[in-house]
file query.cif (mmCIF, C-alpha atoms and all ligand atoms)
data_upload
#
loop_
_atom_site.label_atom_id
_atom_site.label_comp_id
_atom_site.auth_asym_id
_atom_site.auth_seq_id
_atom_site.Cartn_x
_atom_site.Cartn_y
_atom_site.Cartn_z
CA MET X 1 -26.40 99.07 -98.56
CA ILE X 2 -23.50 99.68 -100.92
CA ILE X 3 -22.91 97.24 -103.77
CA ALA X 4 -19.24 97.23 -104.81
CA ARG X 5 -18.34 95.45 -108.04
CA THR X 6 -14.72 96.52 -108.49
CA VAL X 7 -11.70 96.55 -106.19
CA ALA X 8 -11.64 100.37 -106.31
CA GLU X 9 -15.34 100.56 -105.31
CA MET X 10 -14.77 98.10 -102.46
CA LYS X 11 -11.73 100.00 -101.17
CA ALA X 12 -13.60 103.32 -101.31
CA ALA X 13 -16.55 101.80 -99.40
CA ARG X 14 -14.19 100.29 -96.82
CA LYS X 15 -12.72 103.71 -95.99
CA ALA X 16 -16.10 105.01 -94.87
CA LEU X 17 -17.02 101.98 -92.71
CA LYS X 18 -17.30 102.15 -88.93
CA GLY X 19 -14.94 99.58 -87.40
CA PRO X 20 -14.38 96.89 -86.47
CA VAL X 21 -15.26 95.40 -89.85
CA GLY X 22 -16.53 91.82 -90.23
CA LEU X 23 -16.32 89.95 -93.54
CA VAL X 24 -18.55 87.03 -94.54
CA PRO X 25 -17.23 85.38 -97.73
CA THR X 26 -19.89 83.44 -99.67
CA MET X 27 -20.62 82.05 -103.11
CA GLY X 28 -24.18 83.38 -102.93
CA TYR X 29 -27.51 81.55 -103.29
CA LEU X 30 -27.91 82.48 -99.67
CA HIS X 31 -29.64 80.30 -97.09
CA GLU X 32 -30.11 80.41 -93.34
CA GLY X 33 -26.54 79.09 -92.79
CA HIS X 34 -25.06 82.12 -94.55
CA LEU X 35 -27.46 84.47 -92.77
CA THR X 36 -26.39 83.13 -89.39
CA LEU X 37 -22.80 84.13 -90.27
CA VAL X 38 -24.00 87.60 -91.30
CA ARG X 39 -26.00 88.08 -88.09
CA ARG X 40 -23.02 86.98 -86.01
CA SER X 41 -20.77 89.45 -87.82
CA LYS X 42 -23.30 92.22 -87.33
CA ALA X 43 -23.52 91.45 -83.61
CA GLU X 44 -19.72 91.57 -83.19
CA ASN X 45 -18.68 94.43 -85.48
CA GLY X 46 -19.37 98.07 -86.36
CA SER X 47 -19.86 97.12 -90.02
CA THR X 48 -20.33 93.97 -92.06
CA VAL X 49 -19.17 93.25 -95.60
CA VAL X 50 -20.57 90.18 -97.40
CA SER X 51 -18.81 88.96 -100.52
CA ILE X 52 -20.65 87.00 -103.20
CA PHE X 53 -18.26 85.35 -105.62
CA VAL X 54 -18.54 81.92 -107.20
CA ASN X 55 -14.80 81.33 -107.32
CA PRO X 56 -13.88 79.54 -110.56
CA THR X 57 -10.43 78.46 -109.33
CA GLN X 58 -11.78 76.25 -106.55
CA PHE X 59 -13.81 74.12 -108.99
CA GLY X 60 -12.22 71.21 -110.84
CA GLU X 61 -12.66 70.81 -114.59
CA ASN X 62 -15.46 68.28 -114.22
CA GLU X 63 -17.17 70.04 -111.34
CA ASP X 64 -20.28 72.19 -111.22
CA PHE X 65 -18.89 75.75 -111.65
CA GLY X 66 -21.18 76.48 -114.60
CA LYS X 67 -24.18 74.90 -112.89
CA TYR X 68 -23.56 76.28 -109.39
CA PRO X 69 -26.86 77.91 -108.34
CA ARG X 70 -26.92 81.70 -108.59
CA ALA X 71 -29.61 84.22 -107.57
CA PRO X 72 -27.86 87.58 -107.18
CA GLU X 73 -30.98 89.74 -107.07
CA ILE X 74 -32.61 87.64 -104.35
CA ASP X 75 -29.31 87.56 -102.41
CA LEU X 76 -29.08 91.36 -102.53
CA ALA X 77 -32.67 91.74 -101.29
CA ILE X 78 -31.97 89.35 -98.40
CA LEU X 79 -28.74 91.15 -97.44
CA ASP X 80 -30.44 94.54 -97.67
CA ARG X 81 -33.13 93.33 -95.26
CA LEU X 82 -30.38 92.27 -92.83
CA ALA X 83 -28.91 95.79 -93.08
CA THR X 84 -25.61 94.58 -94.48
CA ASP X 85 -23.29 97.56 -94.99
CA VAL X 86 -21.46 96.49 -98.16
CA VAL X 87 -21.86 93.63 -100.62
CA PHE X 88 -18.73 92.93 -102.66
CA MET X 89 -19.83 91.22 -105.85
CA PRO X 90 -16.97 91.11 -108.32
CA ALA X 91 -16.99 89.51 -111.77
CA PRO X 92 -14.38 86.75 -112.26
CA ALA X 93 -12.13 89.11 -114.30
CA VAL X 94 -12.00 91.55 -111.36
CA ILE X 95 -10.48 88.87 -109.13
CA TYR X 96 -8.50 87.10 -111.87
CA PRO X 97 -7.51 89.70 -114.48
CA PRO X 98 -5.62 88.48 -117.55
CA GLY X 99 -2.11 87.41 -116.56
CA PHE X 100 -3.05 86.57 -112.94
CA ASN X 101 -0.35 84.18 -111.77
CA THR X 102 0.06 84.09 -107.99
CA TRP X 103 -1.32 81.30 -105.84
CA VAL X 104 -1.49 80.53 -102.13
CA THR X 105 -0.87 76.90 -101.28
CA VAL X 106 -1.38 75.57 -97.77
CA GLU X 107 0.41 72.23 -97.64
CA LYS X 108 -0.35 68.96 -95.76
CA VAL X 109 -3.87 69.70 -94.40
CA THR X 110 -5.03 70.25 -97.98
CA GLU X 111 -3.79 66.88 -99.20
CA ARG X 112 -6.46 64.70 -97.62
CA LEU X 113 -10.29 64.47 -97.48
CA GLU X 114 -11.74 67.18 -99.78
CA GLY X 115 -8.25 67.96 -101.06
CA ALA X 116 -7.69 64.35 -102.12
CA VAL X 117 -11.04 64.14 -103.93
CA ARG X 118 -10.81 67.68 -105.36
CA PRO X 119 -7.17 68.39 -106.31
CA GLY X 120 -6.47 72.14 -106.48
CA HIS X 121 -9.68 73.02 -104.62
CA PHE X 122 -7.96 74.50 -101.56
CA ARG X 123 -5.38 76.36 -103.65
CA GLY X 124 -8.35 78.19 -105.18
CA VAL X 125 -9.97 78.71 -101.76
CA ALA X 126 -6.79 79.97 -100.06
CA THR X 127 -5.97 82.31 -102.95
CA VAL X 128 -9.42 83.88 -103.15
CA VAL X 129 -9.77 84.19 -99.37
CA ASN X 130 -6.34 85.85 -99.23
CA LYS X 131 -7.39 88.28 -101.97
CA LEU X 132 -10.70 89.05 -100.22
CA PHE X 133 -8.82 89.75 -96.98
CA ASN X 134 -6.43 92.12 -98.80
CA ILE X 135 -9.21 93.93 -100.64
CA VAL X 136 -11.68 94.23 -97.74
CA GLN X 137 -9.17 94.42 -94.84
CA PRO X 138 -11.57 92.98 -92.24
CA ASP X 139 -10.85 92.75 -88.52
CA LYS X 140 -12.77 89.47 -88.33
CA ALA X 141 -13.86 86.97 -90.98
CA TYR X 142 -16.67 84.43 -90.50
CA PHE X 143 -16.65 80.84 -91.78
CA GLY X 144 -19.08 77.95 -91.24
CA GLN X 145 -18.08 74.78 -89.39
CA LYS X 146 -20.09 73.00 -92.11
CA ASP X 147 -16.93 73.18 -94.27
CA ALA X 148 -14.64 71.81 -91.57
CA GLN X 149 -11.51 71.38 -93.68
CA GLN X 150 -11.92 74.87 -95.16
CA CYS X 151 -11.91 76.22 -91.58
CA VAL X 152 -8.68 74.32 -90.83
CA VAL X 153 -7.03 75.56 -94.04
CA VAL X 154 -8.03 79.21 -93.57
CA LYS X 155 -6.93 79.23 -89.92
CA LYS X 156 -3.60 77.65 -90.90
CA MET X 157 -3.02 80.21 -93.66
CA VAL X 158 -3.81 83.10 -91.31
CA ALA X 159 -1.50 81.72 -88.61
CA ASP X 160 1.37 80.78 -90.94
CA LEU X 161 1.33 84.11 -92.80
CA ASN X 162 0.63 86.30 -89.72
CA MET X 163 -2.47 87.77 -91.31
CA PRO X 164 -3.81 90.59 -89.10
CA LEU X 165 -7.36 89.40 -88.53
CA GLU X 166 -9.38 86.97 -86.42
CA ILE X 167 -11.15 83.94 -87.89
CA VAL X 168 -14.53 83.15 -86.31
CA ILE X 169 -16.05 79.69 -86.88
CA VAL X 170 -19.86 79.50 -86.71
CA PRO X 171 -21.74 76.22 -85.92
CA THR X 172 -23.51 74.38 -88.75
CA VAL X 173 -27.12 75.40 -89.38
CA ARG X 174 -29.44 72.48 -90.20
CA GLU X 175 -32.82 71.78 -91.75
CA PRO X 176 -35.45 70.51 -89.27
CA ASP X 177 -34.65 66.88 -90.19
CA GLY X 178 -30.93 67.41 -89.53
CA LEU X 179 -29.57 67.87 -93.08
CA ALA X 180 -26.86 70.56 -93.07
CA MET X 181 -28.02 73.54 -95.12
CA SER X 182 -26.17 73.92 -98.41
CA SER X 183 -26.72 75.83 -101.63
CA ARG X 184 -26.38 72.51 -103.44
CA ASN X 185 -29.35 70.88 -101.61
CA VAL X 186 -31.73 72.38 -104.21
CA TYR X 187 -30.33 69.96 -106.77
CA LEU X 188 -31.38 66.86 -104.83
CA SER X 189 -34.40 65.04 -106.23
CA PRO X 190 -37.21 64.57 -103.67
CA GLU X 191 -36.06 60.99 -103.17
CA GLU X 192 -32.39 61.98 -102.74
CA ARG X 193 -33.45 64.75 -100.37
CA ARG X 194 -35.24 62.17 -98.18
CA SER X 195 -32.22 59.84 -98.29
CA ALA X 196 -29.73 62.63 -97.51
CA VAL X 197 -30.89 62.77 -93.90
CA VAL X 198 -28.77 59.63 -93.39
CA ILE X 199 -25.66 61.85 -93.35
CA SER X 200 -26.58 63.68 -90.16
CA GLN X 201 -28.08 60.46 -88.76
CA SER X 202 -24.68 58.80 -89.15
CA LEU X 203 -23.11 61.61 -87.10
CA LYS X 204 -25.79 61.12 -84.43
CA LEU X 205 -24.95 57.42 -84.45
CA ALA X 206 -21.27 58.25 -83.91
CA GLU X 207 -22.16 60.64 -81.13
CA GLY X 208 -24.25 57.94 -79.44
CA MET X 209 -21.47 55.36 -79.73
CA ILE X 210 -18.96 57.76 -78.18
CA LYS X 211 -21.38 58.58 -75.35
CA GLN X 212 -21.65 54.86 -74.65
CA GLY X 213 -17.89 54.60 -74.33
CA GLU X 214 -16.74 53.51 -77.80
CA ARG X 215 -13.20 54.78 -78.37
CA ASN X 216 -12.16 52.78 -81.43
CA ALA X 217 -12.34 55.16 -84.40
CA GLU X 218 -12.47 52.37 -86.99
CA ASN X 219 -15.53 50.81 -85.32
CA ILE X 220 -17.29 54.15 -85.56
CA ARG X 221 -16.27 54.72 -89.22
CA GLN X 222 -17.58 51.25 -90.05
CA GLU X 223 -20.91 51.68 -88.26
CA MET X 224 -21.42 55.03 -89.99
CA GLY X 225 -20.57 53.44 -93.34
CA THR X 226 -22.99 50.57 -92.75
CA LEU X 227 -25.84 52.95 -91.91
CA ILE X 228 -25.19 55.14 -94.97
CA SER X 229 -24.89 52.11 -97.27
CA LYS X 230 -28.48 51.19 -96.41
CA GLU X 231 -29.55 54.15 -98.58
CA PRO X 232 -29.32 52.78 -102.13
CA LYS X 233 -28.69 56.25 -103.61
CA ALA X 234 -25.83 57.17 -101.28
CA VAL X 235 -22.20 56.72 -102.36
CA ILE X 236 -19.60 57.43 -99.67
CA ASP X 237 -16.49 59.41 -100.69
CA TYR X 238 -14.98 59.24 -97.20
CA VAL X 239 -15.76 58.94 -93.51
CA SER X 240 -12.96 60.47 -91.46
CA ILE X 241 -12.20 60.76 -87.77
CA ALA X 242 -9.21 63.04 -87.50
CA ASP X 243 -7.30 65.56 -85.42
CA GLY X 244 -9.05 68.95 -85.54
CA ASN X 245 -5.85 70.85 -86.39
CA THR X 246 -3.74 68.50 -88.52
CA LEU X 247 -6.53 66.29 -89.95
CA ASP X 248 -4.34 63.25 -89.22
CA GLU X 249 -6.62 60.20 -88.96
CA PHE X 250 -7.13 58.87 -85.43
CA ASP X 251 -7.15 55.21 -84.35
CA GLU X 252 -8.68 56.26 -81.06
CA ILE X 253 -11.34 58.90 -80.37
CA LYS X 254 -10.05 62.00 -78.61
CA PRO X 255 -11.78 65.21 -77.50
CA GLY X 256 -11.62 67.77 -80.32
CA ALA X 257 -11.54 65.06 -83.01
CA VAL X 258 -13.48 66.01 -86.14
CA ILE X 259 -15.77 63.36 -87.60
CA SER X 260 -16.37 64.38 -91.21
CA LEU X 261 -17.87 62.76 -94.24
CA ALA X 262 -18.64 63.37 -97.89
CA VAL X 263 -21.46 61.45 -99.55
CA ARG X 264 -22.62 61.62 -103.15
CA PHE X 265 -26.22 61.43 -104.28
CA GLY X 266 -26.09 61.22 -108.06
CA ARG X 267 -23.91 64.16 -109.12
CA ILE X 268 -24.41 66.08 -105.87
CA ARG X 269 -21.74 65.81 -103.16
CA LEU X 270 -22.81 66.66 -99.63
CA LEU X 271 -20.52 67.31 -96.65
CA ASP X 272 -21.16 67.22 -92.95
CA ASN X 273 -19.15 66.92 -89.74
CA MET X 274 -19.20 67.14 -85.99
CA VAL X 275 -16.55 67.96 -83.41
CA VAL X 276 -16.21 65.43 -80.58
CA PRO X 277 -16.84 67.32 -77.32
P1 LIG O 1 -20.58 78.90 -99.54
O1 LIG O 1 -21.46 79.97 -100.13
O2 LIG O 1 -21.14 77.53 -99.65
O3 LIG O 1 -19.15 79.04 -99.99
O4 LIG O 1 -20.55 79.21 -97.99
C1 LIG O 1 -20.14 80.47 -97.48
C2 LIG O 1 -19.87 80.33 -96.00
O5 LIG O 1 -21.07 79.92 -95.35
C3 LIG O 1 -18.80 79.28 -95.70
O6 LIG O 1 -17.99 79.75 -94.63
C4 LIG O 1 -19.62 78.10 -95.29
O7 LIG O 1 -18.95 77.22 -94.41
C5 LIG O 1 -20.79 78.77 -94.59
N1 LIG O 1 -21.93 77.86 -94.55
C6 LIG O 1 -22.48 77.20 -95.61
N2 LIG O 1 -23.49 76.39 -95.19
C7 LIG O 1 -23.57 76.55 -93.84
C8 LIG O 1 -24.39 75.98 -92.82
N3 LIG O 1 -25.34 75.09 -93.09
N4 LIG O 1 -24.16 76.36 -91.55
C9 LIG O 1 -23.19 77.26 -91.25
N5 LIG O 1 -22.39 77.83 -92.16
C10 LIG O 1 -22.57 77.48 -93.44
#
call {"tool": "encode", "arguments": {"input": "query.cif", "output": "structure tokens"}}
result
Amino acid sequence: MIIARTVAEMKAARKALKGPVGLVPTMGYLHEGHLTLVRRSKAENGSTVVSIFVNPTQFGENEDFGKYPRAPEIDLAILDRLATDVVFMPAPAVIYPPGFNTWVTVEKVTERLEGAVRPGHFRGVATVVNKLFNIVQPDKAYFGQKDAQQCVVVKKMVADLNMPLEIVIVPTVREPDGLAMSSRNVYLSPEERRSAVVISQSLKLAEGMIKQGERNAENIRQEMGTLISKEPKAVIDYVSIADGNTLDEFDEIKPGAVISLAVRFGRIRLLDNMVVP
């Protein structure tokens, strides 16, 4: 496994790779969700590049950039065991050298949900993903459905700018009790961790309501909100039922609608979502 820390090292490694090349962008502190993306890339490509980069520009001033969990040596051991071909692990100054001044802004779909709560977040995501695509030049790039709005934003950027690669979305990987895996779960206290299961339970509740014929989106948002509010530690940022491409809120449930929510437990924000079949 090659470890590339500079753009020149990554480009040199890329030249020697057997195609097609799959890229899995991550912020490290790898868990089974990330590994599922890596395995999928390995199954579909001649070579797989995994990037590990905690991207400072997608964190707001009062967010957890400094405290984001990091375990580079463990990550490298895990990726080596999976027979990853290249790990691209740049320092922030490699991606943002002094004087860096060009940004990618996807409009409209970035203005709501996560974008409304975290202004500038998707500008940072779109810019770094664009840079990773240019540096690694993958044929396919793998993203988790767990971050539903990120998937919408990346697909929109790739379509709008005619980027020459395919975006593959991989289903959310969950803990046995249903909690979506996330690097941030380690920061939940044992009590918060027990309460956090209510997030996936609220999606199950929505799924059940839809199966029983409920089509009024507001009724579903309200029932989900009521269930979550029963957990004293949970604070809802949003519960959304929206179009899967535009993220426009729906009054009525339609196939392909994305039900997504963000819930805070103390300082930890957790996301989850499901796509209506
Ligand atoms: P992160 O390191 O959190 O930026 O995540 C890197 C990639 O892994 C993103 O495309 C995420 O959507 C994806 N990912 C994170 N958690 C999960 C999960 N539980 N299931 C599937 N994909 C995930």
call {"tool": "residues_near_point", "arguments": {"input": "query.cif", "point": "(-31.2, 73.6, -106.4)", "cutoff": "10 Å", "atoms": "all atoms listed in the file", "output": "list in words"}}
result
Tyr29, Lys67, Tyr68, Pro69, Arg70, Ser182, Ser183, Arg184, Asn185, Val186, Tyr187, Leu188 and Ser189 of chain X
call {"tool": "residues_near_ligand", "arguments": {"input": "query.cif", "ligand": "ligand LIG 1 (chain O)", "cutoff": "6 Å", "atoms": "all atoms listed in the file", "output": "number ranges by chain"}}
result
X: 25-28, 33-34, 143-147, 171-174, 180-182
call {"tool": "residues_around", "arguments": {"input": "query.cif", "residues": "Tyr142 in chain X", "least_positions_apart": "2", "cutoff": "9 Å", "atoms": "only C-alpha atoms", "output": "JSON, numbers by chain"}}
result
{"X": [22, 23, 24, 25, 37, 38, 40, 41, 140, 144, 166, 167, 168, 169, 170]}
call {"tool": "closest_residue", "arguments": {"input": "query.cif", "among": "X:Pro119, X:Gly213, X:Pro164, X:Gly266", "to": "Glu192 in chain X", "atoms": "only C-alpha atoms"}}
result
X:Gly266
call {"tool": "residues_around", "arguments": {"input": "query.cif", "residues": "Thr6 in chain X", "least_positions_apart": "6", "cutoff": "9 Å", "atoms": "only C-alpha atoms", "output": "list in words"}}
result
Phe88, Met89, Pro90, Ala91, Val94 and Ile95 of chain X
call {"tool": "closest_residue", "arguments": {"input": "query.cif", "among": "X:Glu231, X:Glu207, X:Asp251, X:Glu44", "to": "Val275 in chain X", "atoms": "only C-alpha atoms"}}
result
X:Glu207
call {"tool": "residues_around", "arguments": {"input": "query.cif", "residues": "Val129 in chain X", "least_positions_apart": "3", "cutoff": "12 Å", "atoms": "only C-alpha atoms", "output": "PyMOL selection string"}}
result
chain X and resi 23-27+51-55+57-58+95+103-105+122-126+132-138+141-143+150-151+153-155+157-158+163+167
call {"tool": "residues_around", "arguments": {"input": "query.cif", "residues": "Ala13 in chain X", "least_positions_apart": "3", "cutoff": "10 Å", "atoms": "only C-alpha atoms", "output": "ChimeraX atom specification"}}
result
/X:2-4,7-10,16-17,49,85-88,136
call {"tool": "closest_residue", "arguments": {"input": "query.cif", "among": "X:Thr246, X:Leu30, X:Lys156, X:Pro92", "to": "Ile74 in chain X", "atoms": "all atoms listed in the file"}}
result
X:Leu30
call {"tool": "atom_distance", "arguments": {"input": "query.cif", "atom1": "CA of Ile220 in chain X", "atom2": "CA of Glu249 in chain X"}}
result
12.7 Å
